[in-house]
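Pasting my_file-v8.cif here (mmCIF, N, CA and C atoms, pLDDT in the B column; chains and numbers go by the auth columns):
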```cif
data_final
loop_
_atom_site.group_PDB
_atom_site.id
_atom_site.type_symbol
_atom_site.label_atom_id
_atom_site.label_comp_id
_atom_site.label_asym_id
_atom_site.label_seq_id
_atom_site.Cartn_x
_atom_site.Cartn_y
_atom_site.Cartn_z
_atom_site.B_iso_or_equiv
_atom_site.auth_seq_id
_atom_site.auth_asym_id
ATOM 1 N N MET A 1 2.847 9.409 10.151 80.00 1 E
ATOM 2 C CA MET A 1 1.604 9.673 9.461 80.00 1 E
ATOM 3 C C MET A 1 0.428 9.112 10.245 80.00 1 E
ATOM 4 N N MET A 2 0.567 7.869 10.709 80.00 2 E
ATOM 5 C CA MET A 2 -0.561 7.260 11.418 80.00 2 E
ATOM 6 C C MET A 2 -0.830 7.957 12.751 80.00 2 E
ATOM 7 N N LYS A 3 0.209 8.543 13.362 84.00 3 E
ATOM 8 C CA LYS A 3 0.002 9.273 14.613 84.00 3 E
ATOM 9 C C LYS A 3 -0.720 10.592 14.369 84.00 3 E
ATOM 10 N N LEU A 4 -0.494 11.204 13.221 88.00 4 E
ATOM 11 C CA LEU A 4 -1.138 12.478 12.896 88.00 4 E
ATOM 12 C C LEU A 4 -2.546 12.304 12.345 88.00 4 E
ATOM 13 N N ALA A 5 -2.861 11.141 11.832 86.00 5 E
ATOM 14 C CA ALA A 5 -4.128 10.910 11.135 86.00 5 E
ATOM 15 C C ALA A 5 -5.359 11.289 11.956 86.00 5 E
ATOM 16 N N PRO A 6 -5.456 10.889 13.222 84.00 6 E
ATOM 17 C CA PRO A 6 -6.672 11.250 13.974 84.00 6 E
ATOM 18 C C PRO A 6 -6.876 12.769 14.077 84.00 6 E
ATOM 19 N N ASP A 7 -5.799 13.512 14.233 88.00 7 E
ATOM 20 C CA ASP A 7 -5.916 14.971 14.320 88.00 7 E
ATOM 21 C C ASP A 7 -6.364 15.580 12.994 88.00 7 E
ATOM 22 N N LEU A 8 -6.111 14.886 11.904 91.00 8 E
ATOM 23 C CA LEU A 8 -6.487 15.364 10.572 91.00 8 E
ATOM 24 C C LEU A 8 -7.810 14.773 10.099 91.00 8 E
ATOM 25 N N ASN A 9 -8.471 14.006 10.978 91.00 9 E
ATOM 26 C CA ASN A 9 -9.745 13.353 10.678 91.00 9 E
ATOM 27 C C ASN A 9 -9.614 12.347 9.529 91.00 9 E
ATOM 28 N N VAL A 10 -8.461 11.715 9.433 92.00 10 E
ATOM 29 C CA VAL A 10 -8.235 10.674 8.428 92.00 10 E
ATOM 30 C C VAL A 10 -8.705 9.342 9.012 92.00 10 E
ATOM 31 N N LYS A 11 -9.536 8.631 8.284 92.00 11 E
ATOM 32 C CA LYS A 11 -10.115 7.375 8.766 92.00 11 E
ATOM 33 C C LYS A 11 -9.474 6.140 8.132 92.00 11 E
ATOM 34 N N GLN A 12 -8.769 6.343 7.014 94.00 12 E
ATOM 35 C CA GLN A 12 -8.186 5.209 6.305 94.00 12 E
ATOM 36 C C GLN A 12 -6.933 5.675 5.566 94.00 12 E
ATOM 37 N N ILE A 13 -5.919 4.806 5.563 94.00 13 E
ATOM 38 C CA ILE A 13 -4.713 5.065 4.796 94.00 13 E
ATOM 39 C C ILE A 13 -4.563 3.946 3.777 94.00 13 E
ATOM 40 N N GLN A 14 -4.249 4.307 2.543 96.00 14 E
ATOM 41 C CA GLN A 14 -4.038 3.330 1.484 96.00 14 E
ATOM 42 C C GLN A 14 -2.607 3.420 0.988 96.00 14 E
ATOM 43 N N ALA A 15 -2.088 2.283 0.537 97.00 15 E
ATOM 44 C CA ALA A 15 -0.728 2.226 0.010 97.00 15 E
ATOM 45 C C ALA A 15 -0.695 1.207 -1.114 97.00 15 E
ATOM 46 N N LYS A 16 0.334 1.302 -1.946 95.00 16 E
ATOM 47 C CA LYS A 16 0.539 0.267 -2.956 95.00 16 E
ATOM 48 C C LYS A 16 2.027 0.069 -3.153 95.00 16 E
ATOM 49 N N THR A 17 2.378 -1.134 -3.548 95.00 17 E
ATOM 50 C CA THR A 17 3.764 -1.477 -3.817 95.00 17 E
ATOM 51 C C THR A 17 3.803 -2.523 -4.920 95.00 17 E
ATOM 52 N N THR A 18 4.938 -2.624 -5.569 94.00 18 E
ATOM 53 C CA THR A 18 5.065 -3.625 -6.623 94.00 18 E
ATOM 54 C C THR A 18 5.146 -5.014 -6.011 94.00 18 E
ATOM 55 N N SER A 19 4.760 -5.999 -6.785 95.00 19 E
ATOM 56 C CA SER A 19 4.731 -7.380 -6.303 95.00 19 E
ATOM 57 C C SER A 19 6.110 -7.901 -5.924 95.00 19 E
ATOM 58 N N ASP A 20 7.152 -7.343 -6.509 94.00 20 E
ATOM 59 C CA ASP A 20 8.500 -7.834 -6.190 94.00 20 E
ATOM 60 C C ASP A 20 9.166 -7.061 -5.052 94.00 20 E
ATOM 61 N N ASN A 21 8.487 -6.093 -4.461 97.00 21 E
ATOM 62 C CA ASN A 21 9.048 -5.333 -3.345 97.00 21 E
ATOM 63 C C ASN A 21 8.608 -5.976 -2.028 97.00 21 E
ATOM 64 N N ILE A 22 9.236 -7.091 -1.708 98.00 22 E
ATOM 65 C CA ILE A 22 8.872 -7.882 -0.532 98.00 22 E
ATOM 66 C C ILE A 22 9.062 -7.081 0.762 98.00 22 E
ATOM 67 N N ALA A 23 10.129 -6.294 0.844 98.00 23 E
ATOM 68 C CA ALA A 23 10.396 -5.517 2.060 98.00 23 E
ATOM 69 C C ALA A 23 9.245 -4.559 2.371 98.00 23 E
ATOM 70 N N SER A 24 8.755 -3.846 1.366 98.00 24 E
ATOM 71 C CA SER A 24 7.639 -2.919 1.588 98.00 24 E
ATOM 72 C C SER A 24 6.374 -3.662 1.989 98.00 24 E
ATOM 73 N N GLN A 25 6.132 -4.809 1.387 98.00 25 E
ATOM 74 C CA GLN A 25 4.965 -5.607 1.751 98.00 25 E
ATOM 75 C C GLN A 25 5.026 -6.007 3.220 98.00 25 E
ATOM 76 N N LYS A 26 6.204 -6.429 3.683 98.00 26 E
ATOM 77 C CA LYS A 26 6.372 -6.833 5.078 98.00 26 E
ATOM 78 C C LYS A 26 6.156 -5.661 6.027 98.00 26 E
ATOM 79 N N VAL A 27 6.666 -4.483 5.673 97.00 27 E
ATOM 80 C CA VAL A 27 6.483 -3.302 6.513 97.00 27 E
ATOM 81 C C VAL A 27 5.009 -2.944 6.616 97.00 27 E
ATOM 82 N N LEU A 28 4.297 -2.984 5.502 97.00 28 E
ATOM 83 C CA LEU A 28 2.870 -2.656 5.520 97.00 28 E
ATOM 84 C C LEU A 28 2.088 -3.631 6.392 97.00 28 E
ATOM 85 N N VAL A 29 2.316 -4.928 6.213 98.00 29 E
ATOM 86 C CA VAL A 29 1.593 -5.936 7.001 98.00 29 E
ATOM 87 C C VAL A 29 1.933 -5.788 8.484 98.00 29 E
ATOM 88 N N LYS A 30 3.199 -5.568 8.796 97.00 30 E
ATOM 89 C CA LYS A 30 3.628 -5.401 10.187 97.00 30 E
ATOM 90 C C LYS A 30 2.950 -4.204 10.847 97.00 30 E
ATOM 91 N N ASN A 31 2.579 -3.214 10.044 95.00 31 E
ATOM 92 C CA ASN A 31 1.934 -2.013 10.567 95.00 31 E
ATOM 93 C C ASN A 31 0.423 -2.040 10.428 95.00 31 E
ATOM 94 N N GLY A 32 -0.145 -3.224 10.235 95.00 32 E
ATOM 95 C CA GLY A 32 -1.591 -3.387 10.285 95.00 32 E
ATOM 96 C C GLY A 32 -2.338 -3.196 8.982 95.00 32 E
ATOM 97 N N PHE A 33 -1.625 -3.099 7.864 97.00 33 E
ATOM 98 C CA PHE A 33 -2.287 -2.964 6.571 97.00 33 E
ATOM 99 C C PHE A 33 -2.696 -4.339 6.052 97.00 33 E
ATOM 100 N N GLU A 34 -3.793 -4.379 5.315 98.00 34 E
ATOM 101 C CA GLU A 34 -4.267 -5.598 4.677 98.00 34 E
ATOM 102 C C GLU A 34 -4.252 -5.417 3.167 98.00 34 E
ATOM 103 N N ARG A 35 -3.836 -6.465 2.452 98.00 35 E
ATOM 104 C CA ARG A 35 -3.869 -6.401 0.989 98.00 35 E
ATOM 105 C C ARG A 35 -5.316 -6.474 0.546 98.00 35 E
ATOM 106 N N ILE A 36 -5.721 -5.521 -0.288 98.00 36 E
ATOM 107 C CA ILE A 36 -7.120 -5.467 -0.708 98.00 36 E
ATOM 108 C C ILE A 36 -7.313 -5.752 -2.191 98.00 36 E
ATOM 109 N N SER A 37 -6.257 -5.597 -3.002 98.00 37 E
ATOM 110 C CA SER A 37 -6.397 -5.900 -4.416 98.00 37 E
ATOM 111 C C SER A 37 -5.035 -5.998 -5.086 98.00 37 E
ATOM 112 N N ILE A 38 -5.063 -6.530 -6.292 97.00 38 E
ATOM 113 C CA ILE A 38 -3.876 -6.666 -7.126 97.00 38 E
ATOM 114 C C ILE A 38 -4.259 -6.202 -8.525 97.00 38 E
ATOM 115 N N ASN A 39 -3.384 -5.410 -9.160 96.00 39 E
ATOM 116 C CA ASN A 39 -3.658 -5.045 -10.548 96.00 39 E
ATOM 117 C C ASN A 39 -2.357 -4.789 -11.291 96.00 39 E
ATOM 118 N N GLU A 40 -2.449 -4.729 -12.601 95.00 40 E
ATOM 119 C CA GLU A 40 -1.296 -4.437 -13.439 95.00 40 E
ATOM 120 C C GLU A 40 -1.422 -3.013 -13.976 95.00 40 E
ATOM 121 N N GLU A 41 -0.301 -2.300 -13.957 90.00 41 E
ATOM 122 C CA GLU A 41 -0.249 -0.930 -14.457 90.00 41 E
ATOM 123 C C GLU A 41 1.057 -0.757 -15.214 90.00 41 E
ATOM 124 N N ILE A 42 1.094 0.250 -16.041 89.00 42 E
ATOM 125 C CA ILE A 42 2.332 0.623 -16.716 89.00 42 E
ATOM 126 C C ILE A 42 3.124 1.511 -15.761 89.00 42 E
ATOM 127 N N GLY A 43 4.361 1.121 -15.456 81.00 43 E
ATOM 128 C CA GLY A 43 5.208 1.895 -14.560 81.00 43 E
ATOM 129 C C GLY A 43 5.547 3.247 -15.155 81.00 43 E
ATOM 130 N N ALA A 44 5.386 4.297 -14.362 82.00 44 E
ATOM 131 C CA ALA A 44 5.639 5.656 -14.841 82.00 44 E
ATOM 132 C C ALA A 44 7.097 5.855 -15.239 82.00 44 E
ATOM 133 N N ASP A 45 7.997 5.253 -14.505 83.00 45 E
ATOM 134 C CA ASP A 45 9.431 5.433 -14.785 83.00 45 E
ATOM 135 C C ASP A 45 9.927 4.541 -15.918 83.00 45 E
ATOM 136 N N SER A 46 9.480 3.281 -15.890 83.00 46 E
ATOM 137 C CA SER A 46 10.044 2.302 -16.823 83.00 46 E
ATOM 138 C C SER A 46 9.220 2.113 -18.089 83.00 46 E
ATOM 139 N N GLY A 47 7.931 2.415 -18.022 87.00 47 E
ATOM 140 C CA GLY A 47 7.059 2.147 -19.148 87.00 47 E
ATOM 141 C C GLY A 47 6.712 0.680 -19.301 87.00 47 E
ATOM 142 N N GLN A 48 7.159 -0.149 -18.348 91.00 48 E
ATOM 143 C CA GLN A 48 6.893 -1.587 -18.382 91.00 48 E
ATOM 144 C C GLN A 48 5.664 -1.921 -17.552 91.00 48 E
ATOM 145 N N LYS A 49 5.018 -3.032 -17.892 94.00 49 E
ATOM 146 C CA LYS A 49 3.868 -3.488 -17.129 94.00 49 E
ATOM 147 C C LYS A 49 4.343 -4.062 -15.802 94.00 49 E
ATOM 148 N N LEU A 50 3.772 -3.568 -14.707 94.00 50 E
ATOM 149 C CA LEU A 50 4.120 -4.016 -13.367 94.00 50 E
ATOM 150 C C LEU A 50 2.872 -4.494 -12.639 94.00 50 E
ATOM 151 N N THR A 51 3.052 -5.439 -11.745 96.00 51 E
ATOM 152 C CA THR A 51 1.960 -5.888 -10.893 96.00 51 E
ATOM 153 C C THR A 51 2.066 -5.150 -9.567 96.00 51 E
ATOM 154 N N PHE A 52 0.955 -4.512 -9.155 95.00 52 E
ATOM 155 C CA PHE A 52 0.911 -3.766 -7.907 95.00 52 E
ATOM 156 C C PHE A 52 -0.022 -4.440 -6.912 95.00 52 E
ATOM 157 N N PHE A 53 0.401 -4.446 -5.647 98.00 53 E
ATOM 158 C CA PHE A 53 -0.430 -4.895 -4.538 98.00 53 E
ATOM 159 C C PHE A 53 -0.927 -3.648 -3.824 98.00 53 E
ATOM 160 N N HIS A 54 -2.234 -3.568 -3.618 98.00 54 E
ATOM 161 C CA HIS A 54 -2.861 -2.422 -2.946 98.00 54 E
ATOM 162 C C HIS A 54 -3.222 -2.830 -1.526 98.00 54 E
ATOM 163 N N TYR A 55 -2.924 -1.942 -0.580 98.00 55 E
ATOM 164 C CA TYR A 55 -3.154 -2.198 0.837 98.00 55 E
ATOM 165 C C TYR A 55 -4.006 -1.086 1.429 98.00 55 E
ATOM 166 N N SER A 56 -4.655 -1.403 2.548 98.00 56 E
ATOM 167 C CA SER A 56 -5.491 -0.420 3.233 98.00 56 E
ATOM 168 C C SER A 56 -5.432 -0.694 4.737 98.00 56 E
ATOM 169 N N ARG A 57 -5.532 0.385 5.501 96.00 57 E
ATOM 170 C CA ARG A 57 -5.633 0.257 6.967 96.00 57 E
ATOM 171 C C ARG A 57 -6.645 1.261 7.457 96.00 57 E
ATOM 172 N N ASN A 58 -7.660 0.757 8.141 94.00 58 E
ATOM 173 C CA ASN A 58 -8.642 1.632 8.787 94.00 58 E
ATOM 174 C C ASN A 58 -8.072 2.094 10.121 94.00 58 E
ATOM 175 N N LEU A 59 -8.345 3.337 10.455 88.00 59 E
ATOM 176 C CA LEU A 59 -7.820 3.892 11.708 88.00 59 E
ATOM 177 C C LEU A 59 -8.910 4.088 12.731 88.00 59 E
#
```

Please express the file's structure as structure tokens.
Amino acid sequence: MMKLAPDLNVKQIQAKTTSDNIASQKVLVKNGFERISINEEIGADSGQKLTFFHYSRNL
């Protein structure tokens, strides 16, 4: 995705993951993403309140 982004005129990529998904957080940070916010949402699958970490990377 990040290799295709310049050809598509994409300037920023955003991602989010749950607070307990440590592996995804590590992958995002390793690939240059920065955590920009934290919020709670109701999970679409479970209906339970989850904490999400939001990430962003400028290209």

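The two atoms in question, CA of Thr51 (chain E) and CA of Gln12 (chain E), are spaced 22.8 Å apart.
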
Review point. CA of Phe52 (chain E) and CA of Lys16 (chain E), how far apart in Å?
Key: 6.4 Å

Review point. Do you have the atom N of Gln14 (chain E)-CA of Asn58 (chain E) distance handy?
Key: 8.1 Å

For the contact check between region 5-25 of chain E and region 29-33 of chain E, emit one row per residue of region 5-25 of chain E within 9 Å, containing the shortest atom pair and the distance in Å rounded to one decimal, counting only C-alpha atoms, chain then rising number order, as a tab-separated table.
```
residue	atom	partner	partner_atom	distance
E:Ile13	CA	E:Phe33	CA	8.6
E:Gln14	CA	E:Phe33	CA	8.3
E:Ala15	CA	E:Phe33	CA	8.5
E:Ser24	CA	E:Val29	CA	8.7
E:Gln25	CA	E:Val29	CA	6.2
```

Exercise for review: With only C-alpha atoms counted, which protein, DNA or RNA residues have an atom no more than 7 Å from (2.2, -5.5, 0.7) in the file frame? Please answer as a PyMOL selection string.
Suggested key: chain E and resi 17+24-26+28-29+35+53-55

Report, as AutoDock Vina command-line options, the centre and edge lengths in Å (one decimal) of the axis-aligned box enclosing every listed atom of region 37-43 of chain E, padded by 5 Å on each side.
```
--center_x -0.4 --center_y -1.7 --center_z -9.9 --size_x 21.9 --size_y 19.9 --size_z 23.7
```

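Compared by their closest atoms to Ser56 (chain E), and using only C-alpha atoms, the residues E:Met2, E:Ala23, E:Glu34, E:Glu40 rank with E:Glu34 nearest.
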
Exercise for review: Based on DSSP run over this structure's backbone, return all residues of chain E in alpha helix (DSSP H), as a ChimeraX atom specification.
Suggested key: /E:22-30

Expected file: the selected residues, N, CA and C atoms, as a PDB file, in the frame of the given file:
```pdb
ATOM      1  N   ILE E  22       9.236  -7.091  -1.708  1.00 98.00           N
ATOM      2  CA  ILE E  22       8.872  -7.882  -0.532  1.00 98.00           C
ATOM      3  C   ILE E  22       9.062  -7.081   0.762  1.00 98.00           C
ATOM      4  N   ALA E  23      10.129  -6.294   0.844  1.00 98.00           N
ATOM      5  CA  ALA E  23      10.396  -5.517   2.060  1.00 98.00           C
ATOM      6  C   ALA E  23       9.245  -4.559   2.371  1.00 98.00           C
ATOM      7  N   SER E  24       8.755  -3.846   1.366  1.00 98.00           N
ATOM      8  CA  SER E  24       7.639  -2.919   1.588  1.00 98.00           C
ATOM      9  C   SER E  24       6.374  -3.662   1.989  1.00 98.00           C
ATOM     10  N   GLN E  25       6.132  -4.809   1.387  1.00 98.00           N
ATOM     11  CA  GLN E  25       4.965  -5.607   1.751  1.00 98.00           C
ATOM     12  C   GLN E  25       5.026  -6.007   3.220  1.00 98.00           C
ATOM     13  N   LYS E  26       6.204  -6.429   3.683  1.00 98.00           N
ATOM     14  CA  LYS E  26       6.372  -6.833   5.078  1.00 98.00           C
ATOM     15  C   LYS E  26       6.156  -5.661   6.027  1.00 98.00           C
ATOM     16  N   VAL E  27       6.666  -4.483   5.673  1.00 97.00           N
ATOM     17  CA  VAL E  27       6.483  -3.302   6.513  1.00 97.00           C
ATOM     18  C   VAL E  27       5.009  -2.944   6.616  1.00 97.00           C
ATOM     19  N   LEU E  28       4.297  -2.984   5.502  1.00 97.00           N
ATOM     20  CA  LEU E  28       2.870  -2.656   5.520  1.00 97.00           C
ATOM     21  C   LEU E  28       2.088  -3.631   6.392  1.00 97.00           C
ATOM     22  N   VAL E  29       2.316  -4.928   6.213  1.00 98.00           N
ATOM     23  CA  VAL E  29       1.593  -5.936   7.001  1.00 98.00           C
ATOM     24  C   VAL E  29       1.933  -5.788   8.484  1.00 98.00           C
ATOM     25  N   LYS E  30       3.199  -5.568   8.796  1.00 97.00           N
ATOM     26  CA  LYS E  30       3.628  -5.401  10.187  1.00 97.00           C
ATOM     27  C   LYS E  30       2.950  -4.204  10.847  1.00 97.00           C
TER      28      LYS E  30
END
```

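For the choices E:Leu50, E:Ile36, E:Asp7, E:Met1, the atom-to-atom distance to Asp20 (chain E) is smallest for E:Leu50 when using only C-alpha atoms.
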